[in-house]
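J.: Encoded as structure tokens, here's the structure I'll be asking about.
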Amino acid sequence: RCRGVDVFANRSLANSTRRRTYAQLVADYLRTLKALDDGVGRVLRRVDDDTLVLYTSDHGYFLGEHGCYDKRLMLDEAIRVPWIIRHPMLKPRHTNFLARSVDVAPTILDFAGLLGKRAFDGVSLLKALVDRKATTGTTLYYRYYDEAMKARVTPPAPPSHVGIRTARWKLILFDGLRCSPGFRRSGAAAQIFALYDLERDPRETTDVYTSTSTKVVSKLKRELRAAMVLYGGESH
């Protein structure tokens, strides 16, 4: 259950109240987008055409999808962000490689010729942006661990979870931050995994964890373990 699910599913609220609340939420969201779009337009009118412009955001947002509003859940509506970049050396096109927020800094430095041998968690996307055949080969790692949020909102926020997203698959381990990278945890609670096939189910409506081949699941678990070791997936 996600924050705000009561607005859409709580039958103790009159239908008119739920519809009015949802309409207000969407209207406020669209007003914000309109103001932001106007602001971006003003900036673009003032900068030179040879200026590197990169537009992105910190997170996506639920507007009723999956019965949710807000974010804090590793589904694409909440974790996908715009990555729009303009530069004279780039031809207009739509790309489909995976990118992360931590790739912003090395990409900007690479465009400026200042990347050098600096160490970053992210990678420069310059080559992938210029060369259509190049890819990032990136597996995205996600981590949500606001235990305090879970306790102070009604209905509760989603449990802490970790996961990885590849071009096709998304594997999520709920309460993953209570696990070691070997997925061992104290207590009797069982591990809860969810798996989505983004190629066949881009809207993430069906969990296929129990019906997917063990070979695929095992490979994804190995990648998740490696990411937890690399970035730190234990309790905070």
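Lettering and numbering for the structure tokens are positional, with chains as A, B, ... in the shown order, residues counted from 1 in each chain, and ligands counted from 1 in the shown order.
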List the neighbours of Tyr144 (chain A) out to 7 Å using only C-alpha atoms; skip same-chain residues closer than 6 positions along the sequence, and give me the result as a list in words.
T.: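 Once the adjacent positions are removed, what remains is Arg72, Ser160, His161 and Val162 of chain A.
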J.: Hey, what's within 12 Å of Asp58 (chain A) if we count only C-alpha atoms and toss same-chain stuff fewer than 4 positions away? As a PDB file with N, CA and C atoms, in the first residue's frame, please?
T.:
```pdb
ATOM      1  N   LYS A  71       5.560   9.114  -4.150  1.00  0.00           N
ATOM      2  CA  LYS A  71       6.643   8.344  -4.774  1.00  0.00           C
ATOM      3  C   LYS A  71       7.002   7.196  -3.836  1.00  0.00           C
ATOM      4  N   ARG A  72       8.315   6.994  -3.502  1.00  0.00           N
ATOM      5  CA  ARG A  72       8.778   6.044  -2.478  1.00  0.00           C
ATOM      6  C   ARG A  72       8.494   4.579  -2.798  1.00  0.00           C
ATOM      7  N   ALA A  78       7.417   6.344 -10.443  1.00  0.00           N
ATOM      8  CA  ALA A  78       8.064   7.077  -9.352  1.00  0.00           C
ATOM      9  C   ALA A  78       9.558   7.267  -9.559  1.00  0.00           C
ATOM     10  N   ILE A  79      10.205   6.386 -10.310  1.00  0.00           N
ATOM     11  CA  ILE A  79      11.669   6.468 -10.402  1.00  0.00           C
ATOM     12  C   ILE A  79      12.174   6.979 -11.751  1.00  0.00           C
ATOM     13  N   ARG A  80      11.319   6.999 -12.778  1.00  0.00           N
ATOM     14  CA  ARG A  80      11.770   7.532 -14.067  1.00  0.00           C
ATOM     15  C   ARG A  80      11.709   9.049 -14.044  1.00  0.00           C
ATOM     16  N   VAL A  81      12.731   9.678 -14.613  1.00  0.00           N
ATOM     17  CA  VAL A  81      12.792  11.142 -14.654  1.00  0.00           C
ATOM     18  C   VAL A  81      13.132  11.579 -16.073  1.00  0.00           C
ATOM     19  N   PRO A  82      12.810  12.814 -16.432  1.00  0.00           N
ATOM     20  CA  PRO A  82      13.228  13.319 -17.739  1.00  0.00           C
ATOM     21  C   PRO A  82      14.742  13.474 -17.795  1.00  0.00           C
ATOM     22  N   TRP A  83      15.306  13.199 -18.934  1.00  0.00           N
ATOM     23  CA  TRP A  83      16.742  13.404 -19.177  1.00  0.00           C
ATOM     24  C   TRP A  83      16.817  14.027 -20.570  1.00  0.00           C
ATOM     25  N   ARG A 100      21.244   7.299 -15.086  1.00  0.00           N
ATOM     26  CA  ARG A 100      20.948   7.525 -13.672  1.00  0.00           C
ATOM     27  C   ARG A 100      21.257   8.976 -13.312  1.00  0.00           C
ATOM     28  N   SER A 101      20.721   9.419 -12.201  1.00  0.00           N
ATOM     29  CA  SER A 101      20.987  10.787 -11.751  1.00  0.00           C
ATOM     30  C   SER A 101      22.472  10.996 -11.459  1.00  0.00           C
ATOM     31  N   VAL A 102      23.154   9.945 -10.989  1.00  0.00           N
ATOM     32  CA  VAL A 102      24.576  10.084 -10.678  1.00  0.00           C
ATOM     33  C   VAL A 102      25.427  10.209 -11.935  1.00  0.00           C
ATOM     34  N   VAL A 104      24.829  12.559 -14.138  1.00  0.00           N
ATOM     35  CA  VAL A 104      24.756  13.955 -14.565  1.00  0.00           C
ATOM     36  C   VAL A 104      26.120  14.628 -14.466  1.00  0.00           C
TER      37      VAL A 104
END
```
J.: Going by DSSP on the backbone, which residues of region 80-229 of chain A come out as strand (DSSP E)? List them as number ranges by chain.
T.: A: 84-86, 140-144, 161-165, 169-174, 192-197
J.: Looking at only C-alpha atoms, which of A:Tyr145, A:Phe62, A:Phe111, A:Phe193 is the one that sits closest to Asp207 (chain A)?
T.: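 Answer, going by the shortest atom-to-atom distance: A:Phe193.
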J.: I want to know what sits within 6 Å of region 51-54 of chain A, based on only C-alpha atoms, with residues of the same chain fewer than 3 positions away left out; could you give that as a list in words?
T.: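 The residues satisfying every condition are Asp48, Ile84, Ile85, Arg86 and His87 of chain A.
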J.: Using the selection just defined, write its residues with all heavy atoms as a PDB file, in the first residue's frame.
T.:
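What ended up in selection-v5.pdb:
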```
ATOM      1  N   ASP A  48      22.880  31.132 -24.957  1.00  0.00           N
ATOM      2  CA  ASP A  48      23.369  30.964 -26.326  1.00  0.00           C
ATOM      3  C   ASP A  48      23.068  29.563 -26.835  1.00  0.00           C
ATOM      4  O   ASP A  48      22.946  28.611 -26.063  1.00  0.00           O
ATOM      5  CB  ASP A  48      24.885  31.201 -26.383  1.00  0.00           C
ATOM      6  CG  ASP A  48      25.258  32.626 -25.988  1.00  0.00           C
ATOM      7  OD1 ASP A  48      24.423  33.520 -26.212  1.00  0.00           O
ATOM      8  OD2 ASP A  48      26.354  32.821 -25.441  1.00  0.00           O
ATOM      9  N   ILE A  84      16.641  15.331 -20.628  1.00  0.00           N
ATOM     10  CA  ILE A  84      16.597  16.046 -21.905  1.00  0.00           C
ATOM     11  C   ILE A  84      17.834  16.928 -22.000  1.00  0.00           C
ATOM     12  O   ILE A  84      18.091  17.759 -21.126  1.00  0.00           O
ATOM     13  CB  ILE A  84      15.321  16.906 -22.008  1.00  0.00           C
ATOM     14  CG1 ILE A  84      14.080  16.041 -21.799  1.00  0.00           C
ATOM     15  CG2 ILE A  84      15.254  17.602 -23.366  1.00  0.00           C
ATOM     16  CD1 ILE A  84      12.794  16.832 -21.666  1.00  0.00           C
ATOM     17  N   ILE A  85      18.617  16.742 -23.044  1.00  0.00           N
ATOM     18  CA  ILE A  85      19.884  17.450 -23.162  1.00  0.00           C
ATOM     19  C   ILE A  85      20.000  18.104 -24.536  1.00  0.00           C
ATOM     20  O   ILE A  85      19.594  17.528 -25.548  1.00  0.00           O
ATOM     21  CB  ILE A  85      21.061  16.488 -22.891  1.00  0.00           C
ATOM     22  CG1 ILE A  85      22.382  17.247 -22.804  1.00  0.00           C
ATOM     23  CG2 ILE A  85      21.127  15.370 -23.913  1.00  0.00           C
ATOM     24  CD1 ILE A  85      23.500  16.401 -22.190  1.00  0.00           C
ATOM     25  N   ARG A  86      20.516  19.336 -24.549  1.00  0.00           N
ATOM     26  CA  ARG A  86      20.679  20.079 -25.796  1.00  0.00           C
ATOM     27  C   ARG A  86      22.114  20.568 -25.905  1.00  0.00           C
ATOM     28  O   ARG A  86      22.665  21.151 -24.971  1.00  0.00           O
ATOM     29  CB  ARG A  86      19.746  21.292 -25.824  1.00  0.00           C
ATOM     30  CG  ARG A  86      19.712  22.011 -27.165  1.00  0.00           C
ATOM     31  CD  ARG A  86      18.913  23.296 -27.089  1.00  0.00           C
ATOM     32  NE  ARG A  86      19.706  24.383 -26.492  1.00  0.00           N
ATOM     33  CZ  ARG A  86      19.282  25.651 -26.411  1.00  0.00           C
ATOM     34  NH1 ARG A  86      18.075  25.965 -26.833  1.00  0.00           N
ATOM     35  NH2 ARG A  86      20.051  26.578 -25.861  1.00  0.00           N
ATOM     36  N   HIS A  87      22.717  20.309 -27.068  1.00  0.00           N
ATOM     37  CA  HIS A  87      24.093  20.765 -27.332  1.00  0.00           C
ATOM     38  C   HIS A  87      24.307  20.731 -28.835  1.00  0.00           C
ATOM     39  O   HIS A  87      23.750  19.865 -29.532  1.00  0.00           O
ATOM     40  CB  HIS A  87      25.108  19.858 -26.638  1.00  0.00           C
ATOM     41  CG  HIS A  87      26.502  20.401 -26.653  1.00  0.00           C
ATOM     42  ND1 HIS A  87      27.398  20.104 -27.661  1.00  0.00           N
ATOM     43  CD2 HIS A  87      27.147  21.243 -25.801  1.00  0.00           C
ATOM     44  CE1 HIS A  87      28.544  20.726 -27.419  1.00  0.00           C
ATOM     45  NE2 HIS A  87      28.423  21.419 -26.299  1.00  0.00           N
TER      46      HIS A  87
END
```
J.: Would you work out the distance separating CA of Thr212 (chain A) from CA of Tyr142 (chain A), expressed in Å to one decimal?
T.: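 So the answer is 21.4 Å.
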